[in-house]
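**Student:** Take a look at work_24.cif, mmCIF, C-alpha atoms (C1' of nucleotides):
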data_work
loop_
_atom_site.label_atom_id
_atom_site.label_comp_id
_atom_site.auth_asym_id
_atom_site.auth_seq_id
_atom_site.Cartn_x
_atom_site.Cartn_y
_atom_site.Cartn_z
CA MET A 1 -12.75 5.36 0.47
CA ASP A 2 -11.49 7.63 -2.23
CA PHE A 3 -8.94 10.12 -1.02
CA GLN A 4 -5.82 9.73 -3.08
CA PHE A 5 -2.56 11.49 -2.60
CA ASP A 6 -0.05 12.68 -5.12
CA ILE A 7 2.12 9.65 -5.77
CA GLY A 8 4.76 11.64 -7.59
CA ALA A 9 5.14 14.19 -4.84
CA ARG A 10 5.31 11.50 -2.21
CA LEU A 11 7.98 9.56 -4.02
CA LYS A 12 9.95 12.72 -4.59
CA ALA A 13 9.76 13.61 -0.91
CA MET A 14 10.95 10.16 0.07
CA ARG A 15 13.75 10.20 -2.44
CA SER A 16 15.09 13.52 -1.24
CA ALA A 17 14.67 12.47 2.38
CA ALA A 18 16.96 9.60 1.50
CA GLY A 19 19.34 12.05 -0.13
CA LEU A 20 19.29 10.38 -3.52
CA SER A 21 19.16 11.74 -7.04
CA GLN A 22 16.80 10.26 -9.58
CA ARG A 23 19.70 8.48 -11.20
CA GLN A 24 21.08 7.14 -7.94
CA LEU A 25 17.70 5.81 -6.96
CA ALA A 26 17.20 4.40 -10.43
CA GLU A 27 20.38 2.39 -10.10
CA ARG A 28 19.51 1.04 -6.67
CA ALA A 29 16.01 0.19 -7.79
CA ASN A 30 17.13 -1.24 -11.09
CA VAL A 31 14.86 0.92 -13.23
CA PRO A 32 15.72 3.45 -15.92
CA HIS A 33 16.04 6.91 -14.43
CA ALA A 34 13.49 8.27 -16.86
CA GLN A 35 10.86 6.23 -15.10
CA ILE A 36 11.60 7.93 -11.80
CA SER A 37 11.04 11.24 -13.51
CA ASN A 38 7.83 10.02 -15.14
CA VAL A 39 6.43 8.74 -11.88
CA GLU A 40 7.41 11.80 -9.89
CA LYS A 41 5.73 14.02 -12.44
CA ASN A 42 2.67 11.77 -12.50
CA LYS A 43 3.04 11.24 -16.21
CA VAL A 44 2.22 7.59 -15.72
CA SER A 45 0.53 5.38 -13.20
CA PRO A 46 3.28 2.86 -12.60
CA SER A 47 2.58 -0.82 -12.45
CA VAL A 48 2.71 -2.43 -9.06
CA SER A 49 5.87 -4.27 -9.98
CA THR A 50 7.61 -1.09 -11.05
CA LEU A 51 6.55 0.89 -8.02
CA ARG A 52 7.69 -1.93 -5.80
CA ARG A 53 11.13 -1.88 -7.35
CA ILE A 54 11.38 1.86 -7.02
CA LEU A 55 10.30 1.84 -3.39
CA SER A 56 12.78 -0.88 -2.55
CA GLY A 57 15.41 1.69 -3.47
CA VAL A 58 14.31 4.03 -0.71
CA GLY A 59 13.60 1.24 1.76
CA VAL A 60 9.87 1.80 1.95
CA SER A 61 7.21 -0.87 1.69
CA MET A 62 4.10 -0.55 -0.41
CA ALA A 63 2.01 -0.52 2.75
CA ASP A 64 4.01 2.34 4.19
CA PHE A 65 3.90 4.22 0.95
CA PHE A 66 0.12 4.16 0.81
CA GLU A 67 -0.34 4.62 4.53
CA PRO A 68 -1.60 8.20 4.28
CA GLU A 69 -4.40 7.06 2.00
CA ARG A 70 -5.92 5.21 4.88
CA GLU A 71 -9.30 6.45 5.77
CA VAL A 72 -9.39 8.42 9.00
CA PRO A 73 -12.95 8.42 10.22
CA PRO A 74 -14.13 11.64 11.82
CA GLY A 75 -16.01 11.31 15.09
CA PRO A 76 -16.87 11.45 17.85
CA PHE A 77 -20.27 10.49 16.47
CA PHE A 78 -21.00 8.07 13.66
CA GLU A 79 -24.05 7.38 11.54
CA ALA A 80 -24.78 3.74 10.86
CA ASP A 81 -23.30 4.00 7.38
CA GLN A 82 -20.16 5.70 8.63
CA LEU A 83 -18.87 2.58 10.30
CA LEU A 84 -15.80 1.41 8.48
CA ASP A 85 -16.25 -1.91 6.73
CA LEU A 86 -13.28 -4.14 7.55
CA THR A 87 -14.82 -7.37 6.35
CA SER A 88 -12.46 -8.14 3.50
CA LYS A 89 -9.45 -6.98 5.43
CA ILE A 90 -10.16 -8.99 8.55
CA ALA A 91 -11.36 -12.01 6.62
CA VAL A 92 -8.09 -12.20 4.78
CA ASN A 93 -5.62 -11.06 7.42
CA ALA A 94 -6.93 -12.43 10.65
CA ILE A 95 -9.05 -15.40 9.80
CA GLY A 96 -7.82 -18.75 8.59
CA GLU A 97 -10.16 -20.99 6.73
CA GLY A 98 -13.30 -19.17 7.68
CA THR A 99 -16.54 -20.35 6.12
CA GLY A 100 -19.84 -18.60 5.56
CA ARG A 101 -20.62 -14.94 5.32
CA MET A 102 -19.70 -12.52 8.04
CA ALA A 103 -19.19 -8.79 8.29
CA PHE A 104 -17.12 -6.54 10.53
CA ARG A 105 -17.59 -2.81 10.84
CA GLN A 106 -15.40 -0.59 12.94
CA ILE A 107 -16.31 2.46 14.98
CA GLY A 108 -14.00 5.38 14.31
CA ASP A 109 -10.22 5.35 14.25
CA ALA A 110 -9.13 2.37 16.28
CA ARG A 111 -5.47 3.09 15.96
CA SER A 112 -5.27 6.54 17.39
CA HIS A 113 -7.63 5.65 20.21
CA ASN A 114 -5.94 2.35 20.77
CA LEU A 115 -9.38 0.81 21.02
CA GLN A 116 -11.15 -1.17 18.35
CA ILE A 117 -14.89 -1.54 18.63
CA LEU A 118 -16.56 -3.71 16.02
CA HIS A 119 -20.10 -4.41 14.94
CA GLU A 120 -20.01 -8.04 13.85
CA VAL A 121 -22.58 -9.97 11.85
CA TYR A 122 -22.42 -13.76 11.46
CA GLU A 123 -24.77 -15.38 8.98
CA PRO A 124 -25.97 -18.89 9.89
CA GLY A 125 -23.04 -21.31 9.88
CA ALA A 126 -20.41 -18.59 9.59
CA ASP A 127 -17.16 -19.73 11.23
CA THR A 128 -13.94 -17.82 11.68
CA GLY A 129 -11.95 -20.99 12.04
CA GLU A 130 -8.92 -20.87 14.29
CA THR A 131 -8.02 -17.18 14.48
CA LEU A 132 -4.64 -16.48 12.94
CA LEU A 133 -3.67 -13.33 14.78
CA GLN A 134 -3.06 -13.88 18.42
CA HIS A 135 -2.23 -10.43 19.66
CA PRO A 136 -0.98 -9.39 23.06
CA SER A 137 -4.28 -7.66 23.69
CA SER A 138 -7.59 -8.00 25.45
CA GLU A 139 -10.81 -8.74 23.69
CA GLY A 140 -14.41 -8.85 24.78
CA GLY A 141 -17.88 -8.80 23.29
CA TYR A 142 -21.60 -8.80 23.88
CA VAL A 143 -24.10 -10.84 21.90
CA VAL A 144 -26.88 -8.53 20.77
CA GLU A 145 -28.88 -10.95 18.68
CA GLY A 146 -28.76 -14.67 17.90
CA GLU A 147 -26.26 -17.20 19.19
CA LEU A 148 -22.49 -17.27 19.11
CA GLU A 149 -20.29 -20.27 19.79
CA VAL A 150 -17.05 -19.03 21.28
CA THR A 151 -14.01 -21.24 21.63
CA VAL A 152 -11.15 -20.01 23.80
CA ASP A 153 -8.18 -22.27 24.33
CA SER A 154 -10.24 -25.51 24.25
CA GLU A 155 -13.14 -24.12 26.26
CA ILE A 156 -16.31 -24.05 24.18
CA ARG A 157 -19.43 -22.14 25.06
CA VAL A 158 -22.55 -21.07 23.18
CA LEU A 159 -23.56 -17.54 24.08
CA ARG A 160 -27.09 -16.22 23.52
CA ALA A 161 -28.31 -12.67 23.21
CA GLY A 162 -27.50 -10.81 26.42
CA GLU A 163 -24.44 -12.89 27.24
CA ALA A 164 -20.84 -11.83 26.81
CA TYR A 165 -17.17 -12.84 26.78
CA LEU A 166 -13.78 -11.38 27.68
CA PHE A 167 -10.35 -12.94 27.30
CA ASP A 168 -6.69 -12.41 26.51
CA SER A 169 -6.40 -12.63 22.74
CA ARG A 170 -3.08 -14.43 22.91
CA GLN A 171 -5.10 -17.53 23.64
CA PRO A 172 -6.20 -19.32 20.48
CA HIS A 173 -9.84 -18.54 19.82
CA ARG A 174 -12.61 -18.97 17.33
CA PHE A 175 -16.15 -17.74 16.67
CA ARG A 176 -19.01 -19.55 15.02
CA ASN A 177 -22.72 -19.05 14.49
CA PRO A 178 -24.19 -22.51 15.18
CA SER A 179 -27.80 -21.38 14.70
CA ASP A 180 -30.11 -20.86 11.73
CA ASN A 181 -30.45 -17.15 12.37
CA ARG A 182 -28.19 -14.18 12.00
CA THR A 183 -25.98 -13.34 14.98
CA ILE A 184 -24.95 -9.82 15.90
CA VAL A 185 -22.12 -9.04 18.29
CA ILE A 186 -20.52 -5.86 19.52
CA SER A 187 -16.90 -6.48 20.41
CA ALA A 188 -14.00 -4.44 21.71
CA CYS A 189 -10.28 -5.01 21.60
CA THR A 190 -7.23 -3.11 22.81
CA PRO A 191 -4.81 -2.61 21.32
CA PRO A 192 -6.51 -3.02 17.94
CA TYR A 193 -6.07 -6.04 15.72
CA LEU A 194 -5.37 -4.27 12.46
CA MET B 1 12.70 -5.66 2.10
CA ASP B 2 11.77 -8.14 -0.53
CA PHE B 3 9.07 -10.50 0.57
CA GLN B 4 6.19 -10.20 -1.85
CA PHE B 5 2.88 -11.92 -1.64
CA ASP B 6 0.67 -13.28 -4.36
CA ILE B 7 -1.40 -10.28 -5.42
CA GLY B 8 -3.82 -12.36 -7.41
CA ALA B 9 -4.55 -14.75 -4.57
CA ARG B 10 -5.00 -11.91 -2.15
CA LEU B 11 -7.42 -10.07 -4.37
CA LYS B 12 -9.34 -13.25 -4.98
CA ALA B 13 -9.57 -13.92 -1.24
CA MET B 14 -10.85 -10.43 -0.61
CA ARG B 15 -13.34 -10.61 -3.42
CA SER B 16 -14.84 -13.85 -2.19
CA ALA B 17 -14.82 -12.58 1.39
CA ALA B 18 -16.98 -9.76 0.09
CA GLY B 19 -19.16 -12.32 -1.66
CA LEU B 20 -18.72 -10.84 -5.12
CA SER B 21 -18.20 -12.43 -8.52
CA GLN B 22 -15.53 -11.10 -10.86
CA ARG B 23 -18.22 -9.39 -12.88
CA GLN B 24 -19.95 -7.87 -9.89
CA LEU B 25 -16.68 -6.50 -8.60
CA ALA B 26 -15.79 -5.29 -12.07
CA GLU B 27 -18.96 -3.26 -12.23
CA ARG B 28 -18.48 -1.71 -8.80
CA ALA B 29 -14.89 -0.93 -9.58
CA ASN B 30 -15.61 0.32 -13.06
CA VAL B 31 -13.16 -2.03 -14.68
CA PRO B 32 -13.71 -4.68 -17.36
CA HIS B 33 -14.15 -8.05 -15.74
CA ALA B 34 -11.36 -9.47 -17.83
CA GLN B 35 -8.96 -7.36 -15.87
CA ILE B 36 -10.11 -8.86 -12.60
CA SER B 37 -9.40 -12.26 -14.06
CA ASN B 38 -6.02 -11.17 -15.37
CA VAL B 39 -4.97 -9.72 -12.03
CA GLU B 40 -6.20 -12.65 -9.99
CA LYS B 41 -4.27 -15.02 -12.22
CA ASN B 42 -1.20 -12.80 -12.05
CA LYS B 43 -1.15 -12.47 -15.80
CA VAL B 44 -0.37 -8.79 -15.41
CA SER B 45 1.10 -6.43 -12.88
CA PRO B 46 -1.70 -3.89 -12.70
CA SER B 47 -0.99 -0.19 -12.67
CA VAL B 48 -1.51 1.58 -9.41
CA SER B 49 -4.54 3.37 -10.82
CA THR B 50 -6.14 0.11 -11.90
CA LEU B 51 -5.46 -1.68 -8.65
CA ARG B 52 -6.83 1.26 -6.75
CA ARG B 53 -10.07 1.15 -8.70
CA ILE B 54 -10.40 -2.58 -8.18
CA LEU B 55 -9.74 -2.34 -4.46
CA SER B 56 -12.28 0.42 -4.06
CA GLY B 57 -14.82 -2.18 -5.14
CA VAL B 58 -14.05 -4.36 -2.14
CA GLY B 59 -13.60 -1.44 0.22
CA VAL B 60 -9.93 -1.98 0.89
CA SER B 61 -7.23 0.66 0.78
CA MET B 62 -3.89 0.21 -0.91
CA ALA B 63 -2.18 0.39 2.47
CA ASP B 64 -4.34 -2.39 3.83
CA PHE B 65 -3.89 -4.46 0.74
CA PHE B 66 -0.12 -4.40 1.03
CA GLU B 67 -0.08 -4.61 4.79
CA PRO B 68 1.22 -8.21 4.92
CA GLU B 69 4.25 -7.19 2.92
CA ARG B 70 5.43 -5.14 5.83
CA GLU B 71 8.70 -6.29 7.15
CA VAL B 72 8.42 -7.96 10.53
CA PRO B 73 11.82 -7.87 12.16
CA PRO B 74 12.78 -10.97 14.12
CA GLY B 75 14.29 -10.47 17.54
CA PRO B 76 14.84 -10.40 20.38
CA PHE B 77 18.37 -9.53 19.32
CA PHE B 78 19.41 -7.30 16.46
CA GLU B 79 22.67 -6.80 14.64
CA ALA B 80 23.52 -3.21 13.79
CA ASP B 81 22.41 -3.70 10.22
CA GLN B 82 19.14 -5.29 11.23
CA LEU B 83 17.71 -2.08 12.54
CA LEU B 84 14.84 -1.03 10.32
CA ASP B 85 15.49 2.16 8.40
CA LEU B 86 12.49 4.45 8.77
CA THR B 87 14.17 7.58 7.52
CA SER B 88 12.11 8.17 4.41
CA LYS B 89 8.91 7.16 6.07
CA ILE B 90 9.32 9.35 9.12
CA ALA B 91 10.72 12.23 7.16
CA VAL B 92 7.66 12.31 4.95
CA ASN B 93 4.94 11.36 7.39
CA ALA B 94 5.93 12.94 10.65
CA ILE B 95 8.15 15.85 9.81
CA GLY B 96 7.09 19.09 8.23
CA GLU B 97 9.64 21.21 6.47
CA GLY B 98 12.63 19.49 7.89
CA THR B 99 16.03 20.53 6.61
CA GLY B 100 19.35 18.76 6.51
CA ARG B 101 20.13 15.08 6.62
CA MET B 102 18.89 12.84 9.38
CA ALA B 103 18.32 9.13 9.80
CA PHE B 104 16.02 7.04 11.96
CA ARG B 105 16.42 3.34 12.55
CA GLN B 106 14.00 1.28 14.57
CA ILE B 107 14.66 -1.62 16.89
CA GLY B 108 12.40 -4.58 16.16
CA ASP B 109 8.67 -4.53 15.69
CA ALA B 110 7.40 -1.42 17.41
CA ARG B 111 3.78 -2.15 16.73
CA SER B 112 3.41 -5.50 18.36
CA HIS B 113 5.45 -4.42 21.37
CA ASN B 114 3.76 -1.08 21.53
CA LEU B 115 7.17 0.44 22.02
CA GLN B 116 9.22 2.25 19.44
CA ILE B 117 12.92 2.61 20.08
CA LEU B 118 14.87 4.59 17.54
CA HIS B 119 18.51 5.22 16.79
CA GLU B 120 18.56 8.76 15.45
CA VAL B 121 21.34 10.55 13.60
CA TYR B 122 21.27 14.30 12.95
CA GLU B 123 23.86 15.73 10.63
CA PRO B 124 25.00 19.30 11.41
CA GLY B 125 22.11 21.71 10.93
CA ALA B 126 19.49 18.99 10.58
CA ASP B 127 16.12 20.24 11.79
CA THR B 128 12.83 18.39 12.01
CA GLY B 129 10.84 21.59 11.98
CA GLU B 130 7.62 21.64 13.90
CA THR B 131 6.67 17.98 14.24
CA LEU B 132 3.46 17.19 12.39
CA LEU B 133 2.28 14.16 14.31
CA GLN B 134 1.31 14.97 17.83
CA HIS B 135 0.31 11.62 19.20
CA PRO B 136 -1.31 10.80 22.49
CA SER B 137 1.89 9.12 23.59
CA SER B 138 5.00 9.58 25.64
CA GLU B 139 8.40 10.19 24.19
CA GLY B 140 11.87 10.34 25.63
CA GLY B 141 15.48 10.20 24.54
CA TYR B 142 19.13 10.22 25.53
CA VAL B 143 21.83 12.10 23.68
CA VAL B 144 24.70 9.72 23.00
CA GLU B 145 26.91 12.00 20.97
CA GLY B 146 26.92 15.63 19.94
CA GLU B 147 24.32 18.25 20.78
CA LEU B 148 20.57 18.34 20.29
CA GLU B 149 18.36 21.37 20.56
CA VAL B 150 14.96 20.24 21.78
CA THR B 151 11.92 22.49 21.67
CA VAL B 152 8.84 21.44 23.61
CA ASP B 153 5.86 23.73 23.66
CA SER B 154 7.93 26.95 23.59
CA GLU B 155 10.60 25.68 25.97
CA ILE B 156 13.96 25.45 24.23
CA ARG B 157 16.99 23.60 25.57
CA VAL B 158 20.26 22.40 24.11
CA LEU B 159 21.14 18.94 25.33
CA ARG B 160 24.69 17.57 25.22
CA ALA B 161 25.89 14.00 25.29
CA GLY B 162 24.73 12.37 28.50
CA GLU B 163 21.63 14.52 28.85
CA ALA B 164 18.08 13.44 28.13
CA TYR B 165 14.45 14.47 27.64
CA LEU B 166 10.98 13.08 28.29
CA PHE B 167 7.61 14.63 27.45
CA ASP B 168 4.04 14.05 26.32
CA SER B 169 4.12 14.01 22.53
CA ARG B 170 0.83 15.82 22.25
CA GLN B 171 2.80 18.96 22.98
CA PRO B 172 4.25 20.53 19.84
CA HIS B 173 7.93 19.68 19.59
CA ARG B 174 10.96 19.93 17.39
CA PHE B 175 14.53 18.66 17.19
CA ARG B 176 17.57 20.33 15.74
CA ASN B 177 21.30 19.79 15.62
CA PRO B 178 22.74 23.27 16.23
CA SER B 179 26.37 22.10 16.20
CA ASP B 180 28.96 21.38 13.53
CA ASN B 181 29.20 17.73 14.46
CA ARG B 182 26.96 14.75 14.06
CA THR B 183 24.44 14.11 16.84
CA ILE B 184 23.28 10.66 17.88
CA VAL B 185 20.21 10.06 20.01
CA ILE B 186 18.46 6.97 21.29
CA SER B 187 14.77 7.68 21.72
CA ALA B 188 11.74 5.74 22.86
CA CYS B 189 8.05 6.30 22.32
CA THR B 190 4.88 4.50 23.34
CA PRO B 191 2.62 3.92 21.62
CA PRO B 192 4.67 4.09 18.41
CA TYR B 193 4.50 6.95 15.98
CA LEU B 194 4.08 4.97 12.84
"C1'" DA C 1 -33.76 -31.28 -23.73
"C1'" DT C 2 -33.58 -26.15 -24.49
"C1'" DC C 3 -33.48 -22.02 -23.27
"C1'" DG C 4 -31.62 -18.12 -20.19
"C1'" DT C 5 -28.27 -16.52 -17.08
"C1'" DC C 6 -24.53 -16.53 -14.56
"C1'" DC C 7 -19.66 -17.83 -14.01
"C1'" DG C 8 -14.40 -17.53 -14.99
"C1'" DG C 9 -11.16 -17.67 -18.83
"C1'" DT C 10 -9.20 -16.30 -23.39
"C1'" DC C 11 -8.35 -13.52 -27.66
"C1'" DA C 12 -7.07 -9.45 -30.68
"C1'" DT C 13 -6.94 -4.62 -30.57
"C1'" DT C 14 -5.98 -0.46 -28.39
"C1'" DA C 15 -4.06 2.36 -24.88
"C1'" DT C 16 -0.60 2.80 -21.61
"C1'" DC C 17 3.60 2.05 -19.45
"C1'" DT C 18 8.54 1.12 -19.97
"C1'" DT C 19 12.89 1.80 -21.93
"C1'" DA C 20 17.21 3.86 -23.80
"C1'" DA C 21 19.01 7.66 -25.89
"C1'" DA C 22 19.15 12.47 -26.65
"C1'" DC C 23 18.33 17.03 -24.57
"C1'" DA C 24 18.45 20.89 -21.43
"C1'" DT C 25 20.09 23.11 -16.96
"C1'" DT C 26 22.70 24.06 -13.34
"C1'" DC C 27 26.84 24.20 -10.73
"C1'" DC C 28 31.58 23.60 -10.22
"C1'" DT C 29 36.43 24.31 -11.72
"C1'" DG C 30 40.33 25.39 -14.33
"C1'" DC D 1 34.65 31.80 -20.46
"C1'" DA D 2 35.05 26.59 -21.82
"C1'" DG D 3 34.86 22.10 -20.17
"C1'" DG D 4 33.05 18.59 -17.15
"C1'" DA D 5 29.90 16.38 -14.30
"C1'" DA D 6 26.04 16.38 -12.05
"C1'" DT D 7 20.97 17.17 -12.24
"C1'" DG D 8 15.87 16.56 -14.16
"C1'" DT D 9 13.22 16.38 -18.61
"C1'" DT D 10 11.62 14.95 -23.12
"C1'" DT D 11 11.58 11.81 -27.31
"C1'" DA D 12 10.44 7.77 -30.00
"C1'" DA D 13 10.80 2.73 -29.86
"C1'" DG D 14 9.37 -1.40 -27.95
"C1'" DA D 15 6.96 -4.02 -24.24
"C1'" DT D 16 3.15 -4.59 -21.42
"C1'" DA D 17 -1.37 -3.70 -19.54
"C1'" DA D 18 -6.26 -2.45 -20.46
"C1'" DT D 19 -10.34 -3.18 -23.09
"C1'" DG D 20 -14.49 -5.33 -25.25
"C1'" DA D 21 -15.95 -9.37 -27.79
"C1'" DC D 22 -16.06 -14.08 -27.58
"C1'" DC D 23 -15.87 -18.99 -25.61
"C1'" DG D 24 -17.27 -23.17 -22.98
"C1'" DG D 25 -19.13 -24.79 -18.63
"C1'" DA D 26 -22.48 -24.78 -14.63
"C1'" DC D 27 -26.88 -24.09 -12.90
"C1'" DG D 28 -32.14 -23.41 -12.85
"C1'" DA D 29 -36.37 -22.86 -14.94
"C1'" DT D 30 -39.33 -23.94 -18.55
#
Turn this file's structure into structure tokens for me.
**Tutor:**
Amino acid sequence: MDFQFDIGARLKAMRSAAGLSQRQLAERANVPHAQISNVEKNKVSPSVSTLRRILSGVGVSMADFFEPEREVPPGPFFEADQLLDLTSKIAVNAIGEGTGRMAFRQIGDARSHNLQILHEVYEPGADTGETLLQHPSSEGGYVVEGELEVTVDSEIRVLRAGEAYLFDSRQPHRFRNPSDNRTIVISACTPPYL
Amino acid sequence: MDFQFDIGARLKAMRSAAGLSQRQLAERANVPHAQISNVEKNKVSPSVSTLRRILSGVGVSMADFFEPEREVPPGPFFEADQLLDLTSKIAVNAIGEGTGRMAFRQIGDARSHNLQILHEVYEPGADTGETLLQHPSSEGGYVVEGELEVTVDSEIRVLRAGEAYLFDSRQPHRFRNPSDNRTIVISACTPPYL
DNA sequence: ATCGTCCGGTCATTATCTTAAACATTCCTG
DNA sequence: CAGGAATGTTTAAGATAATGACCGGACGAT
């Protein structure tokens, strides 16, 4: 999680792709043109607010700007510690008022393979709440250890180790660990959630 | 291009999802804990370098952090000016040493529909160069106006208005406007490039 | 109650970014 | 060649963010 690209070079590339001079961009973005120069030459690390204004001038979002910094896991084989931890990301993007500790770790590059396989850990009581993202995708999983209460579109079922589920993720769904022990699930989803 | 979320709230959510205190995160991220507090309370707009350090502590990339800011076009109908301008993004991410002016505008939300339809404009001489991204996807297009020289895996062909192409984008490919007039193409790709 | 430790928040100082104005270059054009 | 208009760069000021020390509250253990 530490590759970083050359912000200045990237901004410069985007600016010239848009066919703008530093001054033209500065006007659109409502920043002094010196700042464009400073950022492009990496003389400063701009504040988020400044960078946002600048990028608005070339019609690029922050997310798109930093896209290349995304970690691209290697493969096709992964050590246990090479799984990509998506806990914070999923917890904030996909889960509503989840409670309790849980962890999600992804195998490889879900995007390019169009397949997201996750190793999921639910501590006792952990609850995703009603899942926010309801993708047009398919989703299934296998309970490796412990118990998992799965709710799909008003059907509730407690799955134990060895049992499994599979459904269309457009249906509202929710996961919970109703037991006093840790629950471990391996799940798969295509196309990927995030 | 101007929705902005609450950076502080988002960081806080991610931090607690990771089960860390401000001080714990501060140590991991190598930042004074006061700064975590300041950022979470939106007392400052952190510099990119600072935010990057903080996010490394929760294992989230900049791109992921700003993901929700991405523009999600409405639909299912789009006015001409509602097409999403991807010029800078594509030019920098997908195209190598392209030359000349070109523009790419996307119809709707390619990701969720798994289908990317683009309105492409090539000014005279515009050349994508060898395309960098060679996705496992399919790609086709129709020349609406002007001429387009398409190179696919060593096959070269000049298409005129009314003609079209379709190929597997894993093959190396390249587009060029060899004429003195503007060229307009409507293309489609699944799954999307970006 | 009284430590000890953790928590998040605040303060003054320092370092950094931001700004506007001046500067240097190039490329036209008369 | 001189003037003009564009370009990107540097400068010195003012504004803002980053830092480390400090504060009061919450919680447990003694």
**Student:** Once chain B is fitted onto chain A over all Cα atoms in order, please give the RMSD.
**Tutor:**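 Here the RMSD amounts to 0.1 Å.
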**Student:** Please list as a ChimeraX atom specification every residue within 12 Å of DG30 (chain C), counting only C-alpha atoms (C1' of nucleotides) and excluding residues in the same chain fewer than 2 positions away.
**Tutor:** /C:28 /D:1-4
**Student:** Determine which residues of chain D sit within 8 Å of chain A, taking into account only C-alpha atoms (C1' of nucleotides), and present them as number ranges by chain.
**Tutor:** D: 7-9
**Student:** Kindly save the residues from that selection, with C-alpha atoms (C1' of nucleotides) included, as a compact mmCIF listing (two decimals), keeping the file's coordinate frame.
**Tutor:**
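Listing of selection_14.txt after writing:
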# COMPACT_ATOMS: atom_id res chain seq x y z
C1' DT D 7 20.97 17.17 -12.24
C1' DG D 8 15.87 16.56 -14.16
C1' DT D 9 13.22 16.38 -18.61
**Student:** What is the C1' of DC7 (chain C)-CA of Asp180 (chain A) distance in Å, reported with one decimal?
**Tutor:**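 Separating C1' of DC7 (chain C) from CA of Asp180 (chain A) is a distance of 27.9 Å.
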**Student:** List as a VMD selection string: which residues have an atom within 9 Å of (-11.0, -0.9, -13.4), counting only C-alpha atoms (C1' of nucleotides)?
**Tutor:** (chain B and resid 26 to 33 35 to 36 49 to 54) or (chain D and resid 18)
**Student:** Which residues, written as a PyMOL selection string, have at least one atom at most 12 Å from DG14 (chain D), with only C-alpha atoms (C1' of nucleotides) counted and residues fewer than 2 positions away on the same chain left out?
**Tutor:** (chain C and resi 17-20) or (chain D and resi 12+16)
**Student:** If you apply the PyMOL selection byres ((chain D and resi 25) around 12) to this file, what residues do you get, as a PyMOL selection string?
**Tutor:** (chain C and resi 6-9) or (chain D and resi 23-24+26-27)
**Student:** If you measure from CA of Thr99 (chain B) to CA of His173 (chain B), what distance in Å do you get, rounded to one decimal?
**Tutor:**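 A separation of 15.3 Å between them.
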